[in-house]
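*Asks:* Take this structure, written in structure tokens, and hold onto it; I'll ask about it next.
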Protein chains: 2
Amino acid sequence: MAKHDWRRYEPLDLSPILTHALDAFYEQGFHGTAVRDIARRVGVTVPALYYYYENKEAILVTLLETATNDVAWRAFTAAEEGGDAPETRFANVIEAIVLHMTHRVRLASLDSELRYLQPANRKHYAVTRKKIENLLTGIINDGVRTGTFTVTDPAETSRALLGMCQAIATWYHDSGPLRPEKLAERYVDIASKTVGLA
Amino acid sequence: MAKHDWRRYEPLDLSPILTHALDAFYEQGFHGTAVRDIARRVGVTVPALYYYYENKEAILVTLLETATNDVAWRAFTAAEEGGDAPETRFANVIEAIVLHMTHRVRLASLDSELRYLQPANRKHYAVTRKKIENLLTGIINDGVRTGTFTVTDPAETSRALLGMCQAIATWYHDSGPLRPEKLAERYVDIASKTVGLA
């Protein structure tokens with residue numbers, strides 16, 4: 001049942017191929033990484049690697065799906081745990097997303113490689129991302145309806161907040177002094193202001 | 001004197017090599033673009049291209065400097081035009097940055113290629129980016145000092161807002177229906193809330 005604690009992060013449980021591919025993509029970028037680089041890191045031959053994945057893009061797709069599934073279940077569980085209060089649901093979702101961007105910064109930073117994928121491969125990822133955006137927009141709309149939130153354009157605020165959280169993956173380092181929980185707290189404070197909570 | 005109107009965008013005045021390199025990087029990514037792709041688009045030989053640029057990275061560096069210089073002069077001019085009022089300076093800077101992210105989306109989206117540069121080549125870019133961040137943080141601090149703004153952590157709010165604006169370049173399409181001026185207006189509204197302005 002550990003999966004249901006959205007605040008808890010265990011080390012990523014990835015296969016050796018995915019683990020080494022993630023390191024390579026993080027350090028050299030997707031286009032800067034050759035399949036033979038990944039094979040060398042894993043300690044297998046290139047044909048052995050092709051036995052598991054059709055090509056390099058298939059590895060990236062698997063990693064992106066891992067990333068988006070991780071942030072999605074956490075965000076939805078966090079929202080549910082917030083019960084009926086839009087302000088708690090809102091704060092929980094922002095906290096969950098920032099915790100993902102920091103604890104899973106290597107996975108989260110793959111997002112910038114997304115636009116080089118084939119359209120068909122982008123689809124699952126885009127659908128899950130849209131669900132998270134709709135979740136946040138829905139919560140903001142609820143808060144506006146109940147008079148708790150003051151927002152000019154809920155959909156735009158939702159997209160702006162998700163962009164703000166996604167940008168963390170471009171500068172956050174897991175070796176730095178800033179703890180994920182501390183950053184999440186600051187972002188919940190900033191985000192709360194955008195919906196009119198002091 | 002057109003350069004001093006920070007709201008005005010002329011078509012980018014780039015050399016043929018930079019123009020075609022920018023298109024190639026935007027469509028295929030930096031790592032996905034070979035020097036011969038750029039030479040073919042320009043209609044010159046690869047050696048002719050090397051006469052102007054030492055390598056592909058030197059082209060990216062030039063484009064990144066063009067991008068960061070463009071956003072920097074606009075942001076600083078916008079701030080100056082805001083006079084002494086922190087709320088006007090703040091709104092102008094956010095507007096200037098969003099206008100850059102949209103009108104110059106191809107240049108702005110190169111930001112995601114930054115981390116693959118040699119450290120020495122990243123320096124100029126990082127220094128200019130830091131100046132913009134300091135500009136915004138300074139304005140927020142001024143607003144807090146004068147009692148106009150309410151902010152828990154000015155530096156974090158500044159970084160979060162710049163991330164929010166930078167993220168626009170990941171989804172904005174210059175062929176889409178959303179006008180830069182309209183989006184800038186929405187972002188000024190959202191950003192204003194983060195500093196406690198209604």
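FYI, nothing fancy with the structure tokens labels: chains A, B, ... in order, residues from 1 per chain, ligands from 1 as they appear.
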So which residues touch Asp70 of chain A within 9 Å, counting only C-alpha atoms, skipping near sequence neighbours fewer than 5 positions away, as a list in words?
*Replies:*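 Answer for this query is Glu65, Ala75 and His100 of chain A.
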*Asks:* Selected residues, N, CA and C atoms, written as an mmCIF file, in the first residue's frame, please.
*Replies:*
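For reference, result.cif as written:
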```cif
data_model
loop_
_atom_site.group_PDB
_atom_site.id
_atom_site.type_symbol
_atom_site.label_atom_id
_atom_site.label_comp_id
_atom_site.auth_asym_id
_atom_site.auth_seq_id
_atom_site.Cartn_x
_atom_site.Cartn_y
_atom_site.Cartn_z
ATOM 1 N N GLU A 65 6.733 7.665 -19.981
ATOM 2 C CA GLU A 65 5.500 7.105 -19.422
ATOM 3 C C GLU A 65 5.661 6.838 -17.929
ATOM 4 N N ALA A 75 -0.595 13.075 -8.047
ATOM 5 C CA ALA A 75 -1.449 14.262 -8.082
ATOM 6 C C ALA A 75 -2.907 13.896 -7.816
ATOM 7 N N HIS A 100 7.375 15.653 -7.071
ATOM 8 C CA HIS A 100 7.767 14.834 -8.223
ATOM 9 C C HIS A 100 8.910 15.491 -8.998
#
```
*Asks:* Give me every helix (DSSP H, G or I) residue in segment 4-160 of chain A, going by DSSP on the backbone, as a ChimeraX atom specification.
*Replies:* /A:4,16-28,35-42,46-52,56-81,86-103,105-116,119-145,154-160
*Asks:* Could you pull the residues within 8 Å of Thr148 of chain A, counting only C-alpha atoms, minus those fewer than 6 positions along the same chain, as a list of chain:residue names?
*Replies:*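 So the residues in contact are A:Pro86, A:Glu87, A:Leu197.
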*Asks:* Next, write the just-selected residues to a file, as a short mmCIF file (atom, residue, chain, number, x, y, z; two decimals), in the first residue's frame, keeping C-alpha atoms as the atom set.
*Replies:*
```cif
data_model
loop_
_atom_site.label_atom_id
_atom_site.label_comp_id
_atom_site.auth_asym_id
_atom_site.auth_seq_id
_atom_site.Cartn_x
_atom_site.Cartn_y
_atom_site.Cartn_z
CA PRO A 86 -10.76 23.22 -2.94
CA GLU A 87 -7.96 24.98 -1.04
CA LEU A 197 -5.50 32.94 -1.11
#
```
*Asks:* Skip Trp171 of chain A itself and residues of its chain fewer than 6 positions away, then list as an mmCIF file with N, CA, C and O atoms, in the first residue's frame all residues within 10 Å of it, counting only C-alpha atoms.
*Replies:*
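Saved result, out.cif, follows:
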```cif
data_model
loop_
_atom_site.group_PDB
_atom_site.id
_atom_site.type_symbol
_atom_site.label_atom_id
_atom_site.label_comp_id
_atom_site.auth_asym_id
_atom_site.auth_seq_id
_atom_site.Cartn_x
_atom_site.Cartn_y
_atom_site.Cartn_z
ATOM 1 N N THR A 102 11.207 17.384 -8.067
ATOM 2 C CA THR A 102 12.465 17.417 -7.328
ATOM 3 C C THR A 102 12.987 16.000 -7.018
ATOM 4 O O THR A 102 14.096 15.653 -7.409
ATOM 5 N N VAL A 105 13.805 14.409 -10.403
ATOM 6 C CA VAL A 105 14.240 15.454 -11.348
ATOM 7 C C VAL A 105 14.817 14.882 -12.649
ATOM 8 O O VAL A 105 14.612 15.435 -13.721
ATOM 9 N N SER A 109 13.041 15.907 -16.082
ATOM 10 C CA SER A 109 13.740 16.756 -17.047
ATOM 11 C C SER A 109 13.704 16.180 -18.462
ATOM 12 O O SER A 109 14.052 16.870 -19.418
ATOM 13 N N ARG B 115 21.686 23.266 -21.624
ATOM 14 C CA ARG B 115 22.492 22.436 -20.728
ATOM 15 C C ARG B 115 23.486 21.526 -21.446
ATOM 16 O O ARG B 115 24.338 20.922 -20.808
ATOM 17 N N ARG B 159 12.187 33.590 -9.175
ATOM 18 C CA ARG B 159 12.601 32.423 -9.958
ATOM 19 C C ARG B 159 11.387 31.648 -10.475
ATOM 20 O O ARG B 159 11.379 31.187 -11.624
ATOM 21 N N GLY B 163 10.392 31.027 -14.385
ATOM 22 C CA GLY B 163 10.138 29.665 -14.872
ATOM 23 C C GLY B 163 8.780 29.570 -15.540
ATOM 24 O O GLY B 163 8.630 28.955 -16.597
#
```
*Asks:* What are the closest atom pairs, with distances in Å to one decimal, for each residue of chain A lying within 7 Å of chain B, using only C-alpha atoms, rows by chain and rising residue number, as JSON lines?
*Replies:*
```
{"residue": "A:Gln28", "atom": "CA", "partner": "B:Tyr116", "partner_atom": "CA", "distance": 6.8}
{"residue": "A:His31", "atom": "CA", "partner": "B:His31", "partner_atom": "CA", "distance": 5.0}
{"residue": "A:Gly32", "atom": "CA", "partner": "B:His31", "partner_atom": "CA", "distance": 5.8}
{"residue": "A:Ser112", "atom": "CA", "partner": "B:Ser112", "partner_atom": "CA", "distance": 6.4}
{"residue": "A:Tyr116", "atom": "CA", "partner": "B:Gln28", "partner_atom": "CA", "distance": 6.8}
{"residue": "A:Thr157", "atom": "CA", "partner": "B:Ile190", "partner_atom": "CA", "distance": 6.6}
{"residue": "A:Ala160", "atom": "CA", "partner": "B:Met164", "partner_atom": "CA", "distance": 5.8}
{"residue": "A:Leu161", "atom": "CA", "partner": "B:Met164", "partner_atom": "CA", "distance": 6.8}
{"residue": "A:Gly163", "atom": "CA", "partner": "B:Ala167", "partner_atom": "CA", "distance": 5.0}
{"residue": "A:Met164", "atom": "CA", "partner": "B:Met164", "partner_atom": "CA", "distance": 3.9}
{"residue": "A:Ala167", "atom": "CA", "partner": "B:Gly163", "partner_atom": "CA", "distance": 5.0}
{"residue": "A:Ile190", "atom": "CA", "partner": "B:Thr194", "partner_atom": "CA", "distance": 5.7}
{"residue": "A:Lys193", "atom": "CA", "partner": "B:Thr194", "partner_atom": "CA", "distance": 5.0}
{"residue": "A:Thr194", "atom": "CA", "partner": "B:Lys193", "partner_atom": "CA", "distance": 5.0}
{"residue": "A:Gly196", "atom": "CA", "partner": "B:Lys193", "partner_atom": "CA", "distance": 6.8}
```
*Asks:* Name the closest residue to Arg74 of chain B among the candidates B:Lys130, B:His173, B:Lys182, B:Arg8; distances are taken between atoms, counting only C-alpha atoms.
*Replies:*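 Checking each of B:Lys130, B:His173, B:Lys182, B:Arg8 against Arg74 of chain B, counting only C-alpha atoms, the winner is B:Arg8.
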*Asks:* Taking only C-alpha atoms into account, name the residue in B:Ile97, B:Gly147, B:Arg106, B:Asn141 that is nearest to Ser175 of chain B.
*Replies:*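 Counting only C-alpha atoms, the residue closest to Ser175 of chain B is B:Arg106.
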